[in-house]
Each structure stands twice: as C-alpha cells, then as structure tokens.
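**Q** Sharing a structure here in structure tokens format.
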Amino acid sequence: MERDDLIVNDSYALNSHHSEEEGAKIRKNIWKVTGILTLLTTVEVMMGIYFKRSETFTWTMIKWSFIILTLVKAAYIVLVFMHLGDERSNLKKVILAPYMLFIGYLLFIAISEGFGHLGNFNTLH
Amino acid sequence: MGGEVTKAISKDVLWGGGRSPFSVSYGKMMMWYFLVSDALTFGGLLTAYGFVRASSTDAWPIGEQVFRALPGLEGEYPLIYVALMTFILIVSSVTMVLAVEAGHRNDKSGVIRWLGLTIIGGFFFLSSQAWEWSHFIHGSGGSFLLAENVTVTADDGEVFNLSKGDPVFMDHHFGHLAEPWIEGEPNVSLVESDHGIKLVEVGEHSHEAELHALTLNKYVENESFVSGDEAMKLWNARSGTFAFGANMHDNEYAIQQAYANFFFFITGFHGFHVFSGVVINIIIFIMVIQGVFERRKHYEMVEKIGLYWHFVDLVWVFVFTFFYLV
C-alpha cells in the first residue's frame, strides 16, 4: 500500500496550508491560549500552597476546582494546540467518546469502591 | 425475510470510499489512534493510583510537603519546582504549535527555529525530572519506626500518644550521617553531647550533626517538632527499621510502599514518553534541515510529532493535578 503521507501534493496534507494573514491570526490565538494555560497553572499552584488539606467542605471544593481547572487546560491543549477543534466532527467523536464513556466510569467506580471498606461513600479525601 | 439488507439505501448517506471519512491523512489518523490508546494507559495508571490512595487506611503523603525543595537552596518552597516543570512543558508545547503553524506556511526557517526551541525545552524538562528523582531517592533526612509505644510532648505543647510502628522523621543533617552509621561505617560514631547526642564523622569529610529535633507527621498535615529530652525519648524507642529517601523496597515518605512505586512508575513512564518525544523531534529536526519536507511540499510530519508532543504535555497536566495537587 502506498503511504499517503509520502505522496507529494497529498490532498489532506495540502488542505491544511494557510496564508500569511491567517497565520498571524492563528499565532495571536496561540499566545492567548498560552496566557490562559499559564494563568490557570499559577492559580492551581497558589491554591495548593494557600489552602491546607483538611476534612472540610472547603477542601472538597478546592479539590473539585483543581479537577475542573485541569479539564479546562486539557480542553485548550486538545482543541487548540492539537487542532482537534478544527477537525471534522466524526473524528472528534471517535477520539473523545472513549474517555467520556470509559475514564469517567472507571474513575467513579474505582474511587467509590476504594472507600468501600471504610463504609463511607460521601467523603472524597 | 430479507430484513435490513434488502432495503434500498439512499446513495447520499453512504460513504463510497476513495476518501478518508475523517478528511485526514492515514499517518495523522494513526497518530491519533495511538494517542487514544496511550491515554487509556495513563488513565488506567492514574485511576489505579486513586484507587490505592482511596483504599489506604494509613495517612497518604501530601504533595506540597513532599515536593518542596529547590536545587541549591535551603528552605521550603512547596510545589514551586513542580510548577516550574509544568511551565517548561507548557512553553515547549507552545513552541511546538508555532513550529506546526510555520510548517503550514512552508516556512522552513520558522520550523527550524521553533522545533529547535521545543527540543531545548524537552531537555530542560528531562533534566528537571532527573533532579526531582534524585531528590526523591535521596530523601530529606529519613525516618525510623518506633519499637514501642511512646508519649511525647511536642515543642508547641501538644501531647502525642504514639504507637509501635509509627514513623519519626530526622532532619537532613542528622539523617545524612545516620544512614552510614546504621550501615556500620567505621568513620561515623554516635557520641554524647551537651544537649543529648550527636553523630560524628571523622576522616576526609569530617563533620558532626546534633540530634536537634525530630519531626512527627512530616509528610501529612500539621507536622510537629519534638526536641530536647522528648526527642531523646523517641530516639531511644527506635526500632531497627530506618528508611532514607525511597527505593523499590522502602521509602521515608509513607508507610505504604505503593506511594513511592506509583511515583516511580507514573512519572517514569511519562518521562520515558518525553525522552522518546525528544528523540523523535531531533530526527524530524534533522529531516527539516535536510529539506525533506520542502521537497514533499508539506510539513505534515511536524504536525504529527506535534500531536505526540502536545499529548506528553497533556498527560503531565493530569499527573500534576492528581499526583501533586489533589
């Protein structure tokens, strides 16, 4: 079989070319996302240093904000840096669906079962 | 009796072949499929970590109390070093996306510049991780387990009823000499001092360390310091079980060896990905310089290795949250 990435003038690969003006717009977006990622990481670290771990509701909220901030960062990396946002929607679904189905379920079941012997399903600590 | 197969289907809804239904090239799609499977591997690892941690009945070490050292500096800087590593990887991800963007404009010198910077970022990250591992393996003082139940008063007045098998932590000056002393080095000896005891090393690197203070709950919330006679009480109740830093058998950070093992496996497996990424980036960097992609009229190969490199960054974002922060 011929490898299509080696074909000169391959249509899929050439489709992704862009002009100088489009490039300037894309670069501006890249720097914007860089700023957002740096800001989110700084916020996470500050929260990690400032808030002491405890068995309180505040800490549970902090923990969930870490997870949400991480997912926001992941979304920016996947959709902008990895260009998945620009791909066809069926490719997006093929790549993202396994996580929504599998990882979410696995996490839920593993973490909740991990507390099983403590007889306490409400506190994630 | 024919069922679905005999029904006529409109041609418009069928994919007739000949073109990728995803409108991407074979190579790029396979890179995505590889990343999907690799992400499931990391997902499984982090889930296993969460499961073991959640099911642990002993205290689990806290990231900001284990990882709070900076190279060449005394004092405590919780999470700063790991945050720096995260930042290095994010920046190298940015230079990579700029290399991909330059490739889309067939700008060879742009690709060389940004891909070169990405490789340098990769080396920075790998060196940081090497230091992090070295620090984790050497530890910061070590611990010993108690051989009997002891009641001590900490410096702040709090009274602790410690049981047999509870860990007590040494400071890094004392622990540094305690390790050769335990191993029976003839140069190191334990002597009485004005305030209690001290370890003395004679010979080429002659120096001594006094048992100033011992720490309780060092890697869990609210660490407490114990000094003077109370520290001697703990020292005299020690068992023969010491741990200095971490290896595959024991570690000073936690009662559970799983903590050290997960650190080694998750960050090691990720570090191996970074290392492979740097090697692949170097290969493509050389190919760019040779003009392979200029002749091919597109730089899609840079986009493909870019996907891999961003993925490595993505995994670190999750490792950072679930291993260090939460």
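Identifiers in the structure tokens: chain A, B, ... in order shown; residue index from 1 per chain; ligand index from 1 in order shown.
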Could you tell me, as number ranges by chain, which residues of region 15-225 of chain B DSSP assigns to strand (DSSP E) when given the backbone?
**A** B: 143-146, 150-153, 159-162, 167-170, 188-192, 197-201, 207-210, 213-216, 224-225
**Q** Would you list the contacts of Ser54 (chain A) as an NGL selection string, taking every protein, DNA or RNA residue within 12 Å and counting only C-alpha atoms, but skipping same-chain residues closer than 2 positions in sequence?
**A** (:A and (51-52 or 56-63 or 123-125)) or (:B and (62 or 220-222 or 326))
**Q** Let's have the selection written as a JSON list (two decimals), in the first residue's frame, with N, CA and C atoms.
**A**
[["chain", "number", "residue", "atom", "x", "y", "z"],
["A", 51, "PHE", "N", -4.21, 26.77, 50.57],
["A", 51, "PHE", "CA", -5.23, 26.02, 51.32],
["A", 51, "PHE", "C", -4.63, 24.75, 51.91],
["A", 52, "LYS", "N", -4.82, 24.57, 53.20],
["A", 52, "LYS", "CA", -4.34, 23.38, 53.87],
["A", 52, "LYS", "C", -5.36, 22.26, 53.72],
["A", 56, "THR", "N", -12.64, 19.12, 55.48],
["A", 56, "THR", "CA", -13.74, 20.06, 55.43],
["A", 56, "THR", "C", -14.35, 20.16, 54.04],
["A", 57, "PHE", "N", -15.49, 20.81, 54.00],
["A", 57, "PHE", "CA", -16.19, 21.03, 52.74],
["A", 57, "PHE", "C", -15.36, 21.93, 51.83],
["A", 58, "THR", "N", -14.65, 22.91, 52.44],
["A", 58, "THR", "CA", -13.82, 23.83, 51.65],
["A", 58, "THR", "C", -12.79, 23.04, 50.84],
["A", 59, "TRP", "N", -12.12, 22.10, 51.52],
["A", 59, "TRP", "CA", -11.09, 21.34, 50.83],
["A", 59, "TRP", "C", -11.68, 20.51, 49.68],
["A", 60, "THR", "N", -12.88, 19.94, 49.91],
["A", 60, "THR", "CA", -13.55, 19.18, 48.85],
["A", 60, "THR", "C", -13.79, 20.07, 47.64],
["A", 61, "MET", "N", -14.22, 21.33, 47.92],
["A", 61, "MET", "CA", -14.47, 22.28, 46.83],
["A", 61, "MET", "C", -13.17, 22.61, 46.10],
["A", 62, "ILE", "N", -12.07, 22.81, 46.88],
["A", 62, "ILE", "CA", -10.76, 23.11, 46.29],
["A", 62, "ILE", "C", -10.35, 21.97, 45.36],
["A", 63, "LYS", "N", -10.56, 20.76, 45.84],
["A", 63, "LYS", "CA", -10.17, 19.58, 45.07],
["A", 63, "LYS", "C", -10.94, 19.52, 43.75],
["A", 123, "THR", "N", -17.40, 11.04, 51.54],
["A", 123, "THR", "CA", -16.22, 11.90, 51.65],
["A", 123, "THR", "C", -15.13, 11.43, 50.69],
["A", 124, "LEU", "N", -14.76, 12.30, 49.78],
["A", 124, "LEU", "CA", -13.61, 12.03, 48.93],
["A", 124, "LEU", "C", -12.41, 12.69, 49.57],
["A", 125, "HIS", "N", -11.60, 11.93, 50.25],
["A", 125, "HIS", "CA", -10.40, 12.55, 50.85],
["A", 125, "HIS", "C", -9.17, 11.72, 50.56],
["B", 62, "ILE", "N", 1.30, 14.24, 51.46],
["B", 62, "ILE", "CA", 0.74, 15.40, 50.78],
["B", 62, "ILE", "C", 1.80, 15.96, 49.84],
["B", 220, "VAL", "N", 2.42, 14.60, 56.28],
["B", 220, "VAL", "CA", 0.96, 14.76, 56.33],
["B", 220, "VAL", "C", 0.65, 16.09, 56.99],
["B", 221, "GLU", "N", -0.62, 16.47, 57.03],
["B", 221, "GLU", "CA", -0.97, 17.80, 57.51],
["B", 221, "GLU", "C", -0.48, 18.03, 58.95],
["B", 222, "ASN", "N", -0.19, 19.28, 59.30],
["B", 222, "ASN", "CA", 0.20, 19.69, 60.65],
["B", 222, "ASN", "C", 1.40, 18.92, 61.20],
["B", 326, "VAL", "N", -3.88, 17.22, 44.25],
["B", 326, "VAL", "CA", -5.08, 16.73, 44.95],
["B", 326, "VAL", "C", -4.70, 15.93, 46.20]]
**Q** Can I get the residues of chain B within 7 Å of chain A, each with the closest pair of atoms and their distance in Å to one decimal, using only C-alpha atoms, sorted chain first then ascending number, as a tab-separated table?
**A**
residue	atom	partner	partner_atom	distance
B:Phe22	CA	A:Leu91	CA	5.6
B:Ser23	CA	A:Tyr12	CA	6.4
B:Val24	CA	A:Tyr12	CA	5.5
B:Ser25	CA	A:Tyr12	CA	5.6
B:Tyr26	CA	A:Asp4	CA	6.5
B:Gly27	CA	A:Asp5	CA	6.2
B:Val36	CA	A:Ile95	CA	6.4
B:Gly43	CA	A:Ile103	CA	6.6
B:Thr47	CA	A:Leu107	CA	5.8
B:Gly50	CA	A:Ile111	CA	6.2
B:Phe51	CA	A:Gly114	CA	5.1
B:Val52	CA	A:Gly114	CA	7.0
B:Ala54	CA	A:Gly114	CA	5.0
B:Ser55	CA	A:Gly114	CA	4.4
B:Glu64	CA	A:Ile49	CA	6.9
B:Pro78	CA	A:Ile49	CA	6.5
B:Leu79	CA	A:Val45	CA	6.9
B:Ala83	CA	A:Val45	CA	6.8
B:Val94	CA	A:Thr34	CA	6.8
B:Val97	CA	A:Phe81	CA	5.9
B:Glu101	CA	A:Gly23	CA	6.8
B:His104	CA	A:His17	CA	4.6
B:Arg105	CA	A:His18	CA	5.8
B:Glu221	CA	A:Arg53	CA	6.6
B:Arg296	CA	A:Val8	CA	5.0
B:Lys297	CA	A:Val8	CA	6.5
B:His298	CA	A:Leu14	CA	6.3
B:Glu300	CA	A:Ala13	CA	6.0
B:Leu307	CA	A:Met82	CA	5.7
B:His310	CA	A:Met82	CA	6.6
B:Leu314	CA	A:Ala74	CA	6.1
B:Val317	CA	A:Thr70	CA	6.7
B:Phe318	CA	A:Thr70	CA	6.7
B:Thr321	CA	A:Phe66	CA	6.7
B:Leu325	CA	A:Gly48	CA	6.1
B:Val326	CA	A:Lys63	CA	5.8
**Q** Could you give me, as a PyMOL selection string, each residue of region 111-222 of chain B that DSSP assigns to helix (DSSP H, G or I) when run on this structure's backbone?
**A** chain B and resi 111-138+172-182
**Q** Just write the chosen residues, N, CA and C atoms, as a short mmCIF file (atom, residue, chain, number, x, y, z; two decimals), in the first residue's frame.
**A**
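Output below, filename part.cif:
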data_model
loop_
_atom_site.label_atom_id
_atom_site.label_comp_id
_atom_site.auth_asym_id
_atom_site.auth_seq_id
_atom_site.Cartn_x
_atom_site.Cartn_y
_atom_site.Cartn_z
N VAL B 111 10.16 26.75 11.01
CA VAL B 111 10.04 25.41 11.60
C VAL B 111 11.32 25.06 12.34
N ILE B 112 12.47 25.36 11.72
CA ILE B 112 13.76 25.04 12.36
C ILE B 112 13.89 25.76 13.70
N ARG B 113 13.54 27.06 13.71
CA ARG B 113 13.69 27.84 14.93
C ARG B 113 12.80 27.29 16.05
N TRP B 114 11.51 27.11 15.76
CA TRP B 114 10.57 26.70 16.82
C TRP B 114 10.78 25.26 17.24
N LEU B 115 11.07 24.38 16.27
CA LEU B 115 11.30 22.97 16.63
C LEU B 115 12.58 22.85 17.45
N GLY B 116 13.59 23.65 17.10
CA GLY B 116 14.83 23.67 17.88
C GLY B 116 14.57 24.06 19.32
N LEU B 117 13.75 25.11 19.52
CA LEU B 117 13.43 25.56 20.88
C LEU B 117 12.64 24.49 21.64
N THR B 118 11.77 23.76 20.89
CA THR B 118 11.00 22.69 21.53
C THR B 118 11.93 21.61 22.06
N ILE B 119 12.95 21.27 21.27
CA ILE B 119 13.90 20.24 21.70
C ILE B 119 14.64 20.69 22.95
N ILE B 120 15.04 21.97 22.98
CA ILE B 120 15.74 22.51 24.15
C ILE B 120 14.81 22.43 25.38
N GLY B 121 13.53 22.81 25.19
CA GLY B 121 12.55 22.71 26.28
C GLY B 121 12.44 21.28 26.79
N GLY B 122 12.46 20.32 25.86
CA GLY B 122 12.38 18.91 26.24
C GLY B 122 13.57 18.50 27.10
N PHE B 123 14.76 18.96 26.73
CA PHE B 123 15.94 18.66 27.54
C PHE B 123 15.84 19.29 28.92
N PHE B 124 15.34 20.52 28.98
CA PHE B 124 15.16 21.19 30.27
C PHE B 124 14.24 20.35 31.17
N PHE B 125 13.14 19.88 30.59
CA PHE B 125 12.19 19.10 31.38
C PHE B 125 12.84 17.82 31.88
N LEU B 126 13.56 17.12 30.97
CA LEU B 126 14.18 15.86 31.35
C LEU B 126 15.21 16.07 32.47
N SER B 127 15.99 17.14 32.37
CA SER B 127 16.98 17.41 33.42
C SER B 127 16.27 17.71 34.74
N SER B 128 15.16 18.49 34.67
CA SER B 128 14.42 18.79 35.90
C SER B 128 13.92 17.51 36.53
N GLN B 129 13.43 16.61 35.69
CA GLN B 129 12.89 15.38 36.24
C GLN B 129 14.00 14.52 36.85
N ALA B 130 15.18 14.55 36.23
CA ALA B 130 16.31 13.81 36.79
C ALA B 130 16.64 14.32 38.18
N TRP B 131 16.62 15.67 38.36
CA TRP B 131 16.89 16.22 39.68
C TRP B 131 15.80 15.82 40.68
N GLU B 132 14.56 15.90 40.20
CA GLU B 132 13.42 15.55 41.05
C GLU B 132 13.52 14.10 41.55
N TRP B 133 13.87 13.21 40.64
CA TRP B 133 14.04 11.80 41.01
C TRP B 133 15.16 11.64 42.01
N SER B 134 16.28 12.30 41.72
CA SER B 134 17.44 12.20 42.59
C SER B 134 17.08 12.67 44.00
N HIS B 135 16.34 13.79 44.08
CA HIS B 135 15.95 14.32 45.38
C HIS B 135 15.00 13.37 46.09
N PHE B 136 14.07 12.79 45.34
CA PHE B 136 13.10 11.86 45.92
C PHE B 136 13.81 10.60 46.43
N ILE B 137 14.79 10.12 45.67
CA ILE B 137 15.50 8.90 46.03
C ILE B 137 16.40 9.14 47.25
N HIS B 138 17.07 10.29 47.29
CA HIS B 138 17.95 10.57 48.43
C HIS B 138 17.17 10.98 49.67
N HIS B 172 17.72 16.75 57.86
CA HIS B 172 18.61 16.18 56.85
C HIS B 172 20.09 16.18 57.24
N HIS B 173 20.49 17.03 58.21
CA HIS B 173 21.89 16.98 58.66
C HIS B 173 22.15 15.70 59.44
N PHE B 174 21.22 15.42 60.38
CA PHE B 174 21.37 14.24 61.21
C PHE B 174 21.17 12.95 60.38
N GLY B 175 20.12 12.98 59.54
CA GLY B 175 19.81 11.80 58.73
C GLY B 175 20.93 11.45 57.76
N HIS B 176 21.61 12.49 57.29
CA HIS B 176 22.71 12.29 56.34
C HIS B 176 23.82 11.44 56.95
N LEU B 177 24.05 11.65 58.27
CA LEU B 177 25.07 10.84 58.95
C LEU B 177 24.48 9.55 59.53
N ALA B 178 23.16 9.57 59.79
CA ALA B 178 22.54 8.38 60.37
C ALA B 178 22.60 7.20 59.40
N GLU B 179 22.51 7.52 58.10
CA GLU B 179 22.49 6.44 57.12
C GLU B 179 23.80 5.62 57.15
N PRO B 180 24.99 6.26 57.04
CA PRO B 180 26.22 5.46 57.15
C PRO B 180 26.40 4.83 58.53
N TRP B 181 25.88 5.52 59.57
CA TRP B 181 26.01 4.96 60.92
C TRP B 181 25.23 3.64 61.04
N ILE B 182 24.00 3.62 60.49
CA ILE B 182 23.19 2.41 60.51
C ILE B 182 23.91 1.29 59.75
#
**Q** Sorted by chain and rising residue number, which residues of region 157-181 of chain B lie within 6 Å of region 139-144 of chain B, and what are their closest atom pairs and distances in Å to one decimal, counting only C-alpha atoms, as CSV?
**A**
residue,atom,partner,partner_atom,distance
B:Pro167,CA,B:Phe144,CA,5.6
B:Val168,CA,B:Ser143,CA,5.4
B:Phe169,CA,B:Ser143,CA,4.3
B:Met170,CA,B:Gly141,CA,5.1
B:Asp171,CA,B:Gly141,CA,4.8
B:His172,CA,B:Gly141,CA,3.7
B:Gly175,CA,B:Gly141,CA,4.2
**Q** So the first atom is CA of Tyr81 (chain B) and the second is CA of Phe264 (chain B); what is the distance between them in Å, to one decimal place?
**A** 17.3 Å
**Q** Name the residues in contact with Ile80 (chain B) at a cut-off of 8 Å, using only C-alpha atoms, excluding same-chain residues fewer than 4 positions from it; report them as an MDAnalysis selection string.
**A** (chainID A and resid 45) or (chainID B and resid 68 70 84)
**Q** Quick one: distance from CA of Leu45 (chain B) to CA of Phe262 (chain B) in Å, one decimal?
**A**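 Going from CA of Leu45 (chain B) over to CA of Phe262 (chain B), I get 8.4 Å.
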**Q** Fewer than 5 positions away in the same chain doesn't count, so skip those; otherwise give me all residues within 12 Å of Glu192 (chain B), counting only C-alpha atoms, as a list in words.
**A** Ile197, Lys198, Leu199, Val200, Glu208, Ala209, Glu210, Leu211 and Met232 of chain B
